[in-house]
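Novice: I'd like to ask you about the structure that follows.
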Amino acid sequence: MSLNASEAKPQVCIGYDARRATIIWFRACAGQADRYDVFTAVIERQRRGIVAAAPMMSMHKHELHDLLLVLDEEASERPDRYVGELSKDGAARVLAQAAIQSRIAGRIVPEMVFRTPALLGDIAAVMNSLDDAFHCPSCGEGLEGGSQLALAEGSLQGPIECDECRGPELATLRPYSRFVPLWIARAQLMLSAGLPRRAMVIAHRAEQDGADGPALPRIRGWALLMLGNAMQAQFHLGEAVAATPREPRSRLMLILARAQAALAVDAANHLEHLQQDSELGSELLEPLRQALDGLSRPGMEQPDAVVAACHHLLGVLERSDEHLAKTVPNS
């Protein structure tokens, strides 16, 4: 990639393989000959997202040339590694998806990613336009729903290709993960990434295409709860619980919504239901801890009262679980 000190338009170079990508954005510094504004990020594809990012810095053209040369040298030594150029929009999509993966993995996205829109673009807006958290490294299309969820949960290690790139024989004989409708996986992962509005868009689009079932009210209810609209959330979550009364996550979210909506008596009735069923109550503990972790992360649009309700419910269930463990004799 040539360096032109008179060119103020951002340029992007990427060095990548199936597992990792290094992206370098740069543009000529205004009023400073032979110097560039430079931003770099290292991304783990199909795993933890952004693993390193350097603050934007001013760099002499010779230093930038040496930095770009490192990518070329890596590619010359490894046949599976490539170097290329990206458009600003294409680079923003790569970084936005990596930010989503970081959030899903419980990692804080470096704030600098969102602070230089003139160089990187509006990454937050791009995040809210994406459907897939994980793409196939070969064709660039979104992976199957079950594969995306398995990667997010850590039960499947990347890099993996989509079934079409793997071929029908391998896809049939060695399926990567359980079948999950793609729209459900997409919406759930957007919720995990703290993008409730995007999850609702995905659910609405799926419903227009003919999707139905308890996943629709569950996703909408959880998204509304994340947005602080507990009153509307509890209507959707009540519908989900009525359809699948033994599904613990829906009931957990309904309790949170009704506690937040000041429907304390109704919430207490659901707690009693959980406490009467030791297996169901125990199953809720880890999902609740995970939900509380997600609700407590910076930038996740969570009202403090929702977090407080999570803490209260966690304490109730933990005490209930301890009591049951003491009263149930060892087998």
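Here, A, B, ... name the chains of the structure tokens in the order displayed, residue numbers run from 1 inside each chain, and ligands are numbered from 1 in the same displayed order.
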Please provide as a ChimeraX atom specification all residues within 12 Å of region 214-218 of chain A, with the sequence filter that same-chain residues fewer than 4 positions apart are discarded (counting only C-alpha atoms).
Specialist: /A:180-181,183-188,191,199-208,210,222-225,232-245,247-254,257
Novice: Would you mind reading off the distance between CA of Ile104 (chain A) and CA of Ala152 (chain A), one decimal, in Å?
Specialist: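 Going from CA of Ile104 (chain A) over to CA of Ala152 (chain A) covers 6.6 Å.
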Novice: So how many Å separate CA of Asn128 (chain A) and CA of Arg103 (chain A), to one decimal?
Specialist: 13.4 Å
Novice: Which residues, written as number ranges by chain, have at least one atom at most 9 Å from region 47-64 of chain A, with only C-alpha atoms counted and residues fewer than 2 positions away on the same chain left out?
Specialist: A: 3, 5, 19, 26, 29, 33-45, 66-69, 95, 97-107, 109-110, 112-113, 116, 134, 151-152, 154, 157-159
Novice: Keeping only N, CA and C atoms, take the residues you just selected and write them out as a short mmCIF file (atom, residue, chain, number, x, y, z; two decimals), in the first residue's frame.
Specialist:
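Final output, part_28.cif:
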data_model
loop_
_atom_site.label_atom_id
_atom_site.label_comp_id
_atom_site.auth_asym_id
_atom_site.auth_seq_id
_atom_site.Cartn_x
_atom_site.Cartn_y
_atom_site.Cartn_z
N LEU A 3 2.01 5.21 0.46
CA LEU A 3 1.74 6.28 1.40
C LEU A 3 1.80 7.60 0.66
N ALA A 5 1.30 11.50 1.57
CA ALA A 5 1.12 12.43 2.68
C ALA A 5 0.07 13.49 2.37
N ARG A 19 -7.68 -17.37 11.94
CA ARG A 19 -7.82 -17.16 13.38
C ARG A 19 -7.68 -15.71 13.83
N PHE A 26 -5.12 4.44 8.74
CA PHE A 26 -4.24 5.61 8.77
C PHE A 26 -4.72 6.67 7.79
N CYS A 29 -1.89 13.43 8.60
CA CYS A 29 -2.19 14.43 9.63
C CYS A 29 -2.40 15.79 8.98
N ALA A 33 3.33 17.59 7.41
CA ALA A 33 3.86 16.82 6.29
C ALA A 33 4.59 15.58 6.80
N ASP A 34 4.39 14.48 6.08
CA ASP A 34 5.08 13.21 6.35
C ASP A 34 4.66 12.56 7.67
N ARG A 35 3.51 12.95 8.23
CA ARG A 35 3.04 12.30 9.44
C ARG A 35 1.60 11.81 9.22
N TYR A 36 1.24 10.73 9.95
CA TYR A 36 -0.06 10.11 9.78
C TYR A 36 -0.71 9.86 11.13
N ASP A 37 -2.04 10.00 11.17
CA ASP A 37 -2.82 9.49 12.29
C ASP A 37 -3.01 7.99 12.06
N VAL A 38 -2.68 7.17 13.08
CA VAL A 38 -2.69 5.72 12.90
C VAL A 38 -3.45 5.07 14.06
N PHE A 39 -4.31 4.11 13.72
CA PHE A 39 -5.03 3.30 14.71
C PHE A 39 -4.85 1.84 14.33
N THR A 40 -4.52 0.99 15.30
CA THR A 40 -4.34 -0.44 15.02
C THR A 40 -5.19 -1.27 15.97
N ALA A 41 -5.66 -2.41 15.49
CA ALA A 41 -6.44 -3.33 16.32
C ALA A 41 -6.10 -4.76 15.92
N VAL A 42 -6.02 -5.63 16.90
CA VAL A 42 -5.81 -7.06 16.68
C VAL A 42 -7.08 -7.79 17.09
N ILE A 43 -7.57 -8.64 16.21
CA ILE A 43 -8.86 -9.29 16.39
C ILE A 43 -8.69 -10.80 16.34
N GLU A 44 -9.30 -11.50 17.28
CA GLU A 44 -9.42 -12.96 17.20
C GLU A 44 -10.75 -13.27 16.54
N ARG A 45 -10.71 -13.86 15.38
CA ARG A 45 -11.93 -14.15 14.65
C ARG A 45 -12.61 -15.39 15.24
N ASP A 66 7.25 0.86 8.22
CA ASP A 66 7.79 -0.32 8.91
C ASP A 66 6.65 -1.16 9.51
N LEU A 67 5.61 -0.49 10.03
CA LEU A 67 4.48 -1.22 10.61
C LEU A 67 3.76 -2.04 9.53
N LEU A 68 3.53 -1.44 8.38
CA LEU A 68 2.88 -2.16 7.29
C LEU A 68 3.77 -3.28 6.77
N LEU A 69 5.07 -3.06 6.83
CA LEU A 69 6.00 -4.07 6.35
C LEU A 69 5.93 -5.35 7.19
N LEU A 95 -14.54 -4.39 12.40
CA LEU A 95 -14.33 -3.96 13.77
C LEU A 95 -15.62 -4.04 14.58
N GLN A 97 -18.17 -6.14 14.16
CA GLN A 97 -18.45 -7.53 14.50
C GLN A 97 -17.51 -8.01 15.60
N ALA A 98 -16.26 -7.59 15.55
CA ALA A 98 -15.31 -7.96 16.61
C ALA A 98 -15.76 -7.37 17.95
N ALA A 99 -16.32 -6.16 17.93
CA ALA A 99 -16.82 -5.56 19.17
C ALA A 99 -17.99 -6.36 19.73
N ILE A 100 -18.86 -6.85 18.85
CA ILE A 100 -19.98 -7.69 19.28
C ILE A 100 -19.44 -8.97 19.92
N GLN A 101 -18.46 -9.60 19.29
CA GLN A 101 -17.88 -10.82 19.84
C GLN A 101 -17.23 -10.56 21.19
N SER A 102 -16.58 -9.40 21.33
CA SER A 102 -15.97 -9.05 22.61
C SER A 102 -17.01 -8.97 23.71
N ARG A 103 -18.12 -8.31 23.42
CA ARG A 103 -19.18 -8.19 24.43
C ARG A 103 -19.76 -9.55 24.79
N ILE A 104 -19.98 -10.40 23.79
CA ILE A 104 -20.52 -11.73 24.05
C ILE A 104 -19.58 -12.52 24.95
N ALA A 105 -18.27 -12.33 24.75
CA ALA A 105 -17.27 -13.04 25.54
C ALA A 105 -17.06 -12.40 26.92
N GLY A 106 -17.79 -11.31 27.20
CA GLY A 106 -17.66 -10.66 28.49
C GLY A 106 -16.48 -9.72 28.59
N ARG A 107 -15.94 -9.30 27.45
CA ARG A 107 -14.79 -8.39 27.43
C ARG A 107 -15.27 -6.97 27.15
N VAL A 109 -15.15 -3.54 25.38
CA VAL A 109 -14.63 -3.01 24.12
C VAL A 109 -13.87 -1.72 24.41
N PRO A 110 -12.63 -1.60 23.92
CA PRO A 110 -11.88 -0.36 24.16
C PRO A 110 -12.68 0.86 23.74
N MET A 112 -11.80 3.68 22.82
CA MET A 112 -11.26 4.41 21.67
C MET A 112 -11.90 3.95 20.36
N VAL A 113 -12.47 2.76 20.35
CA VAL A 113 -13.13 2.26 19.14
C VAL A 113 -14.29 3.16 18.74
N THR A 116 -13.38 7.82 17.53
CA THR A 116 -12.73 8.40 16.34
C THR A 116 -13.56 8.13 15.09
N PHE A 134 -21.02 -14.13 14.10
CA PHE A 134 -19.91 -14.96 13.62
C PHE A 134 -20.12 -15.30 12.15
N LEU A 151 -20.18 -21.34 19.39
CA LEU A 151 -18.96 -20.53 19.47
C LEU A 151 -19.06 -19.53 20.62
N ALA A 152 -20.23 -18.92 20.77
CA ALA A 152 -20.42 -17.94 21.83
C ALA A 152 -20.33 -18.59 23.21
N GLY A 154 -18.63 -21.24 23.95
CA GLY A 154 -17.33 -21.87 24.15
C GLY A 154 -17.34 -23.37 24.01
N GLN A 157 -14.88 -24.57 19.27
CA GLN A 157 -13.73 -23.72 19.06
C GLN A 157 -13.55 -23.42 17.58
N GLY A 158 -13.38 -22.14 17.24
CA GLY A 158 -13.12 -21.75 15.86
C GLY A 158 -11.66 -21.89 15.52
N PRO A 159 -11.30 -21.70 14.27
CA PRO A 159 -12.22 -21.28 13.20
C PRO A 159 -12.96 -22.46 12.59
#
Novice: Please return as number ranges by chain: the residues of region 60-297 of chain A that backbone DSSP assigns to alpha helix (DSSP H).
Specialist: A: 61-77, 88-104, 117-120, 123-127, 145-153, 163-166, 168-173, 182-192, 196-208, 215-226, 230-243, 248-260, 264-276, 278-296
Novice: How far is it from CA of Gly121 (chain A) to CA of Ala75 (chain A), in Å with one decimal?
Specialist: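 Here the two named atoms are 27.3 Å from each other.
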Novice: Point out the residue among A:Val12, A:Leu120, A:Ala125, A:Ala18 with the least atom-to-atom distance to Glu161 (chain A), counting only C-alpha atoms.
Specialist: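 Between A:Val12, A:Leu120, A:Ala125, A:Ala18, the residue approaching Glu161 (chain A) most closely is A:Ala18.
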